$ cat query_16.txt   # compact mmCIF, C-alpha atoms
# COMPACT_ATOMS: atom_id res chain seq x y z
CA LEU A 4 24.44 -45.79 -45.73
CA ALA A 5 20.95 -44.29 -45.46
CA VAL A 6 18.65 -45.17 -42.54
CA ASP A 7 14.94 -44.54 -42.13
CA ASN A 8 14.75 -43.85 -38.41
CA THR A 9 11.05 -42.95 -38.29
CA PHE A 10 9.95 -45.83 -36.06
CA CYS A 11 12.59 -45.13 -33.40
CA SER A 12 12.63 -41.34 -33.68
CA PRO A 13 15.76 -39.36 -32.74
CA TYR A 14 14.95 -40.01 -29.08
CA PHE A 15 15.42 -43.78 -29.21
CA GLN A 16 18.11 -44.10 -31.88
CA THR A 17 20.78 -41.87 -33.45
CA PRO A 18 22.09 -43.68 -36.57
CA LEU A 19 24.65 -40.99 -37.46
CA GLU A 20 26.52 -41.99 -34.29
CA HIS A 21 26.63 -45.58 -35.58
CA GLY A 22 28.14 -44.72 -38.95
CA ALA A 23 25.13 -43.86 -41.11
CA ASP A 24 25.70 -41.20 -43.78
CA ILE A 25 22.07 -40.10 -44.13
CA VAL A 26 19.11 -40.42 -41.77
CA VAL A 27 15.53 -39.75 -42.84
CA HIS A 28 12.46 -39.23 -40.69
CA SER A 29 8.81 -38.85 -41.50
CA VAL A 30 8.19 -35.82 -39.31
CA THR A 31 4.49 -36.58 -39.77
CA LYS A 32 4.92 -39.47 -37.36
CA TYR A 33 6.66 -39.32 -33.95
CA ILE A 34 8.41 -35.97 -34.28
CA GLY A 35 5.14 -34.20 -35.07
CA GLY A 36 3.22 -36.62 -32.90
CA HIS A 37 -0.29 -35.22 -33.34
CA SER A 38 -1.40 -36.31 -36.85
CA ASP A 39 -1.63 -32.73 -38.05
CA VAL A 40 1.50 -32.05 -40.11
CA VAL A 41 2.89 -33.58 -43.32
CA MET A 42 6.67 -33.24 -43.46
CA GLY A 43 9.92 -35.15 -43.85
CA VAL A 44 13.51 -34.44 -42.90
CA VAL A 45 16.91 -35.62 -44.14
CA CYS A 46 19.87 -35.43 -41.75
CA THR A 47 23.59 -35.84 -42.39
CA ASN A 48 26.88 -34.88 -40.75
CA ASN A 49 28.71 -35.03 -44.08
CA GLU A 50 29.31 -31.54 -45.47
CA GLU A 51 29.55 -32.70 -49.09
CA LEU A 52 26.29 -34.65 -48.87
CA TYR A 53 24.65 -31.68 -47.18
CA LYS A 54 25.57 -29.38 -50.05
CA LYS A 55 24.14 -31.82 -52.61
CA LEU A 56 20.92 -32.28 -50.63
CA ARG A 57 20.59 -28.53 -50.11
CA PHE A 58 20.98 -27.97 -53.85
CA VAL A 59 18.23 -30.49 -54.63
CA GLN A 60 15.93 -29.03 -51.97
CA ASN A 61 16.40 -25.54 -53.37
CA GLY A 62 15.93 -26.74 -56.95
CA VAL A 63 12.65 -28.60 -56.38
CA GLY A 64 11.28 -26.18 -53.79
CA ALA A 65 10.87 -28.76 -51.02
CA VAL A 66 10.47 -26.16 -48.29
CA PRO A 67 7.81 -26.57 -45.56
CA SER A 68 5.49 -23.73 -44.67
CA PRO A 69 6.12 -21.65 -41.53
CA PHE A 70 3.00 -23.12 -39.90
CA ASP A 71 4.12 -26.70 -40.61
CA CYS A 72 7.48 -25.82 -39.03
CA PHE A 73 5.64 -24.44 -36.00
CA LEU A 74 3.65 -27.69 -35.63
CA ALA A 75 6.77 -29.84 -35.97
CA HIS A 76 8.64 -27.71 -33.43
CA ARG A 77 5.71 -27.93 -31.02
CA GLY A 78 5.71 -31.73 -31.34
CA LEU A 79 9.47 -31.96 -30.88
CA LYS A 80 9.17 -30.30 -27.48
CA THR A 81 7.23 -33.28 -26.09
CA LEU A 82 8.98 -36.03 -28.07
CA HIS A 83 10.80 -37.46 -25.05
CA VAL A 84 7.66 -37.60 -22.93
CA ARG A 85 5.56 -39.20 -25.67
CA MET A 86 8.18 -41.77 -26.66
CA GLU A 87 8.71 -42.95 -23.09
CA ALA A 88 4.96 -43.27 -22.47
CA ALA A 89 4.25 -45.02 -25.77
CA ALA A 90 7.15 -47.44 -25.31
CA ARG A 91 5.97 -48.38 -21.81
CA ASN A 92 2.52 -49.09 -23.19
CA ALA A 93 3.97 -51.07 -26.10
CA MET A 94 6.02 -53.31 -23.83
CA ALA A 95 3.02 -54.04 -21.62
CA ILE A 96 0.87 -54.79 -24.66
CA ALA A 97 3.52 -57.03 -26.22
CA LEU A 98 3.78 -59.06 -23.01
CA PHE A 99 -0.01 -59.28 -22.82
CA LEU A 100 -0.32 -60.45 -26.43
CA GLU A 101 2.48 -62.98 -25.96
CA ASN A 102 0.31 -64.82 -23.43
CA HIS A 103 -3.10 -64.55 -25.12
CA ARG A 104 -4.75 -67.65 -26.63
CA ALA A 105 -5.89 -65.71 -29.67
CA VAL A 106 -2.31 -64.73 -30.63
CA SER A 107 0.12 -67.08 -32.35
CA LYS A 108 3.17 -64.80 -32.55
CA VAL A 109 4.23 -61.33 -31.39
CA LEU A 110 6.94 -59.19 -32.98
CA TYR A 111 8.40 -56.47 -30.77
CA PRO A 112 12.14 -55.86 -30.27
CA GLY A 113 11.63 -55.33 -26.55
CA LEU A 114 10.72 -59.01 -26.12
CA LYS A 115 13.65 -61.25 -25.29
CA LEU A 116 12.50 -63.83 -27.85
CA HIS A 117 12.72 -61.32 -30.69
CA PRO A 118 15.64 -62.34 -32.98
CA GLN A 119 17.13 -58.83 -32.89
CA HIS A 120 16.44 -58.04 -29.24
CA GLU A 121 20.12 -57.88 -28.29
CA LEU A 122 20.96 -55.68 -31.27
CA ALA A 123 18.13 -53.29 -30.43
CA LYS A 124 19.23 -53.18 -26.80
CA LYS A 125 22.78 -52.37 -27.87
CA GLN A 126 22.17 -49.55 -30.35
CA GLN A 127 18.82 -48.08 -29.26
CA HIS A 128 17.82 -46.16 -26.14
CA GLY A 129 14.35 -47.74 -26.16
CA PHE A 130 12.34 -50.30 -28.12
CA GLY A 131 9.74 -48.01 -29.65
CA ALA A 132 5.98 -48.34 -29.82
CA MET A 133 5.29 -50.42 -32.94
CA VAL A 134 3.95 -53.91 -32.18
CA THR A 135 2.82 -56.50 -34.70
CA PHE A 136 1.19 -59.84 -34.05
CA TYR A 137 -0.37 -62.79 -35.84
CA CYS A 138 -3.80 -63.79 -34.63
CA VAL A 139 -5.02 -67.37 -34.39
CA GLY A 140 -7.41 -68.29 -37.19
CA LYS A 141 -7.73 -66.73 -40.62
CA LYS A 142 -8.56 -63.46 -42.35
CA GLU A 143 -12.03 -63.49 -40.77
CA GLN A 144 -10.61 -63.50 -37.23
CA ALA A 145 -8.26 -60.61 -38.02
CA ALA A 146 -11.24 -58.66 -39.33
CA ILE A 147 -13.24 -59.39 -36.16
CA ILE A 148 -10.38 -58.10 -34.00
CA LEU A 149 -10.11 -54.85 -35.95
CA GLU A 150 -13.89 -54.38 -35.99
CA ASN A 151 -14.18 -54.83 -32.22
CA LEU A 152 -11.46 -52.39 -31.17
CA LYS A 153 -12.86 -49.23 -29.61
CA VAL A 154 -9.84 -47.41 -28.17
CA PHE A 155 -7.51 -48.30 -31.04
CA THR A 156 -8.49 -46.50 -34.24
CA LEU A 157 -8.46 -48.39 -37.55
CA ALA A 158 -5.97 -46.37 -39.62
CA GLU A 159 -2.77 -46.74 -41.63
CA SER A 160 -0.66 -44.04 -40.01
CA LEU A 161 1.54 -44.32 -36.93
CA GLY A 162 3.55 -42.40 -34.38
CA ALA A 163 0.95 -40.07 -32.88
CA VAL A 164 -0.49 -39.77 -29.39
CA GLU A 165 -3.46 -41.96 -30.32
CA SER A 166 -3.23 -45.75 -30.75
CA LEU A 167 -3.87 -47.16 -34.21
CA ALA A 168 -4.42 -50.66 -35.60
CA GLU A 169 -4.36 -51.92 -39.16
CA SER A 170 -4.16 -54.98 -41.40
CA PRO A 171 -0.98 -54.65 -43.53
CA SER A 172 -2.14 -57.19 -46.14
CA LEU A 173 -5.32 -55.19 -46.80
CA MET A 174 -4.10 -51.66 -46.11
CA THR A 175 -0.47 -50.44 -46.04
CA HIS A 176 0.91 -53.33 -48.12
CA ALA A 177 -2.12 -54.18 -50.27
CA SER A 178 -0.27 -53.11 -53.44
CA VAL A 179 2.60 -55.54 -52.78
CA PRO A 180 2.27 -58.72 -54.93
CA ASP A 181 1.01 -61.78 -53.04
CA GLY A 182 4.25 -63.71 -53.52
CA GLN A 183 6.39 -60.91 -52.17
CA ARG A 184 4.06 -60.38 -49.21
CA ALA A 185 4.38 -64.07 -48.38
CA LEU A 186 8.19 -63.80 -48.42
CA LEU A 187 7.97 -60.85 -46.04
CA GLY A 188 5.65 -62.75 -43.69
CA ILE A 189 2.73 -60.42 -44.33
CA ASP A 190 -0.33 -62.66 -44.33
CA ASP A 191 -3.99 -61.99 -43.59
CA THR A 192 -3.62 -62.73 -39.87
CA LEU A 193 -0.96 -60.07 -39.30
CA ILE A 194 -2.09 -56.97 -37.38
CA ARG A 195 0.07 -53.89 -36.82
CA LEU A 196 -0.35 -51.66 -33.78
CA SER A 197 0.99 -48.15 -33.36
CA VAL A 198 0.73 -47.80 -29.61
CA GLY A 199 -0.10 -44.36 -28.26
CA ILE A 200 -0.06 -42.74 -24.84
CA GLU A 201 -3.57 -43.54 -23.61
CA SER A 202 -4.16 -45.43 -20.36
CA CYS A 203 -2.33 -48.74 -20.65
CA GLY A 204 -5.19 -50.54 -18.92
CA ASP A 205 -7.69 -49.19 -21.44
CA LEU A 206 -5.53 -50.35 -24.34
CA VAL A 207 -5.02 -53.84 -22.91
CA ASN A 208 -8.72 -54.23 -22.11
CA ASP A 209 -9.61 -53.08 -25.62
CA LEU A 210 -7.35 -55.70 -27.17
CA ASP A 211 -8.54 -58.39 -24.78
CA PHE A 212 -12.18 -57.78 -25.74
CA ALA A 213 -11.40 -57.84 -29.47
CA LEU A 214 -9.23 -60.95 -29.24
CA ASN A 215 -11.85 -62.82 -27.22
CA ALA A 216 -14.43 -61.89 -29.86
CA ALA A 217 -12.20 -63.51 -32.47
CA LEU A 218 -11.84 -66.64 -30.33
CA GLY A 219 -15.58 -66.80 -29.87
CA SER A 220 -16.12 -66.80 -33.63
CA MET A 221 -14.23 -70.09 -33.90
CA GLU A 222 -16.18 -71.95 -31.22
$ encode --input "query_16.txt" --output "structure tokens"
Amino acid sequence: LAVDNTFCSPYFQTPLEHGADIVVHSVTKYIGGHSDVVMGVVCTNNEELYKKLRFVQNGVGAVPSPFDCFLAHRGLKTLHVRMEAAARNAMAIALFLENHRAVSKVLYPGLKLHPQHELAKKQQHGFGAMVTFYCVGKKEQAAIILENLKVFTLAESLGAVESLAESPSLMTHASVPDGQRALLGIDDTLIRLSVGIESCGDLVNDLDFALNAALGSME
């Protein structure tokens, strides 16, 4: 069993303790935390798997530079502080979005209405900082929201100290065929937020302004 644990980071979830054989992280995201390193890591507690992975790594030369290792190590030192702050902001934002007229649905495992809330509460130490929501209206309203955000940056990445927003149907998942996107629930009104560690009030006010702009476009 292989698990991509990037969204939770090692701070909020440890899949090897739940029976996973391999865990992968994009170090670029939460572990690095500052959008300045490109790296990945594969973890296992199985000696035989480790030997095979080590052989492949040595054969293809997948070895990070000393400076990249320095940046990742620097980020790891503040992982616990950043994850706690980002998760607090994410919960507050999810609750805010859940009660906004411009939002039709919010997806965040910290919300009790999330279908996997109990599972997340059982196996994770926190709910993370990734929040997605569907806005009321159509593609045009989603675009208005993204265009009116000032604190959130329009970008595809995630997991850093700064908050990011993006449209999966037009950005991260644009290459996925329309039919498959529909099955996954990725439509033009879906917006993904990677919540950072800025002032929670600033983030909420930023979203409120953008959402109200979208509502105003339909009046």
$ residues_around --input "query_16.txt" --residues "range 104-109 of chain A" --least-positions-apart "4" --cutoff "12 Å" --atoms "all atoms listed in the file" --output "NGL selection string"
:A and (93-94 or 96-100 or 113-118 or 133-141 or 144-145 or 147-148 or 188 or 192-196 or 210-221)
$ write_last_selection --input "query_16.txt" --atoms "C-alpha atoms" --output "PDB file, in the frame of the given file"
ATOM      1  CA  ALA A  93       3.970 -51.070 -26.100  1.00  0.00           C
ATOM      2  CA  MET A  94       6.020 -53.310 -23.830  1.00  0.00           C
ATOM      3  CA  ILE A  96       0.870 -54.790 -24.660  1.00  0.00           C
ATOM      4  CA  ALA A  97       3.520 -57.030 -26.220  1.00  0.00           C
ATOM      5  CA  LEU A  98       3.780 -59.060 -23.010  1.00  0.00           C
ATOM      6  CA  PHE A  99      -0.010 -59.280 -22.820  1.00  0.00           C
ATOM      7  CA  LEU A 100      -0.320 -60.450 -26.430  1.00  0.00           C
ATOM      8  CA  GLY A 113      11.630 -55.330 -26.550  1.00  0.00           C
ATOM      9  CA  LEU A 114      10.720 -59.010 -26.120  1.00  0.00           C
ATOM     10  CA  LYS A 115      13.650 -61.250 -25.290  1.00  0.00           C
ATOM     11  CA  LEU A 116      12.500 -63.830 -27.850  1.00  0.00           C
ATOM     12  CA  HIS A 117      12.720 -61.320 -30.690  1.00  0.00           C
ATOM     13  CA  PRO A 118      15.640 -62.340 -32.980  1.00  0.00           C
ATOM     14  CA  MET A 133       5.290 -50.420 -32.940  1.00  0.00           C
ATOM     15  CA  VAL A 134       3.950 -53.910 -32.180  1.00  0.00           C
ATOM     16  CA  THR A 135       2.820 -56.500 -34.700  1.00  0.00           C
ATOM     17  CA  PHE A 136       1.190 -59.840 -34.050  1.00  0.00           C
ATOM     18  CA  TYR A 137      -0.370 -62.790 -35.840  1.00  0.00           C
ATOM     19  CA  CYS A 138      -3.800 -63.790 -34.630  1.00  0.00           C
ATOM     20  CA  VAL A 139      -5.020 -67.370 -34.390  1.00  0.00           C
ATOM     21  CA  GLY A 140      -7.410 -68.290 -37.190  1.00  0.00           C
ATOM     22  CA  LYS A 141      -7.730 -66.730 -40.620  1.00  0.00           C
ATOM     23  CA  GLN A 144     -10.610 -63.500 -37.230  1.00  0.00           C
ATOM     24  CA  ALA A 145      -8.260 -60.610 -38.020  1.00  0.00           C
ATOM     25  CA  ILE A 147     -13.240 -59.390 -36.160  1.00  0.00           C
ATOM     26  CA  ILE A 148     -10.380 -58.100 -34.000  1.00  0.00           C
ATOM     27  CA  GLY A 188       5.650 -62.750 -43.690  1.00  0.00           C
ATOM     28  CA  THR A 192      -3.620 -62.730 -39.870  1.00  0.00           C
ATOM     29  CA  LEU A 193      -0.960 -60.070 -39.300  1.00  0.00           C
ATOM     30  CA  ILE A 194      -2.090 -56.970 -37.380  1.00  0.00           C
ATOM     31  CA  ARG A 195       0.070 -53.890 -36.820  1.00  0.00           C
ATOM     32  CA  LEU A 196      -0.350 -51.660 -33.780  1.00  0.00           C
ATOM     33  CA  LEU A 210      -7.350 -55.700 -27.170  1.00  0.00           C
ATOM     34  CA  ASP A 211      -8.540 -58.390 -24.780  1.00  0.00           C
ATOM     35  CA  PHE A 212     -12.180 -57.780 -25.740  1.00  0.00           C
ATOM     36  CA  ALA A 213     -11.400 -57.840 -29.470  1.00  0.00           C
ATOM     37  CA  LEU A 214      -9.230 -60.950 -29.240  1.00  0.00           C
ATOM     38  CA  ASN A 215     -11.850 -62.820 -27.220  1.00  0.00           C
ATOM     39  CA  ALA A 216     -14.430 -61.890 -29.860  1.00  0.00           C
ATOM     40  CA  ALA A 217     -12.200 -63.510 -32.470  1.00  0.00           C
ATOM     41  CA  LEU A 218     -11.840 -66.640 -30.330  1.00  0.00           C
ATOM     42  CA  GLY A 219     -15.580 -66.800 -29.870  1.00  0.00           C
ATOM     43  CA  SER A 220     -16.120 -66.800 -33.630  1.00  0.00           C
ATOM     44  CA  MET A 221     -14.230 -70.090 -33.900  1.00  0.00           C
TER      45      MET A 221
END
$ closest_atom_pairs --input "query_16.txt" --of "range 70-93 of chain A" --to "range 162-180 of chain A" --cutoff "12 Å" --atoms "only C-alpha atoms" --output "Markdown table"
| residue | atom | partner | partner_atom | distance |
| --- | --- | --- | --- | --- |
| A:Gly78 | CA | A:Ala163 | CA | 9.7 |
| A:Leu79 | CA | A:Ala163 | CA | 11.9 |
| A:Thr81 | CA | A:Val164 | CA | 10.6 |
| A:Leu82 | CA | A:Ala163 | CA | 10.2 |
| A:Val84 | CA | A:Val164 | CA | 10.6 |
| A:Arg85 | CA | A:Val164 | CA | 7.1 |
| A:Met86 | CA | A:Gly162 | CA | 9.0 |
| A:Glu87 | CA | A:Val164 | CA | 11.6 |
| A:Ala88 | CA | A:Val164 | CA | 9.5 |
| A:Ala89 | CA | A:Val164 | CA | 7.9 |
| A:Ala90 | CA | A:Gly162 | CA | 11.0 |
| A:Asn92 | CA | A:Ser166 | CA | 10.1 |
| A:Ala93 | CA | A:Ser166 | CA | 10.1 |
$ closest_residue --input "query_16.txt" --among "A:Ile25, A:Leu56, A:Cys11, A:Leu4" --to "Gly131 in chain A" --atoms "all atoms listed in the file"
A:Cys11
$ atom_distance --input "query_16.txt" --atom1 "CA of Thr31 in chain A" --atom2 "CA of His76 in chain A"
11.7 Å
$ closest_residue --input "query_16.txt" --among "A:Pro13, A:His103, A:Ala65, A:Asp209" --to "Glu150 in chain A" --atoms "all atoms listed in the file"
A:Asp209
$ closest_residue --input "query_16.txt" --among "A:Ala23, A:Leu52, A:Met42, A:Leu110" --to "Cys72 in chain A" --atoms "only C-alpha atoms"
A:Met42
$ closest_residue --input "query_16.txt" --among "A:Ala95, A:Asp190, A:Phe130, A:Leu161" --to "Lys142 in chain A" --atoms "all atoms listed in the file"
A:Asp190
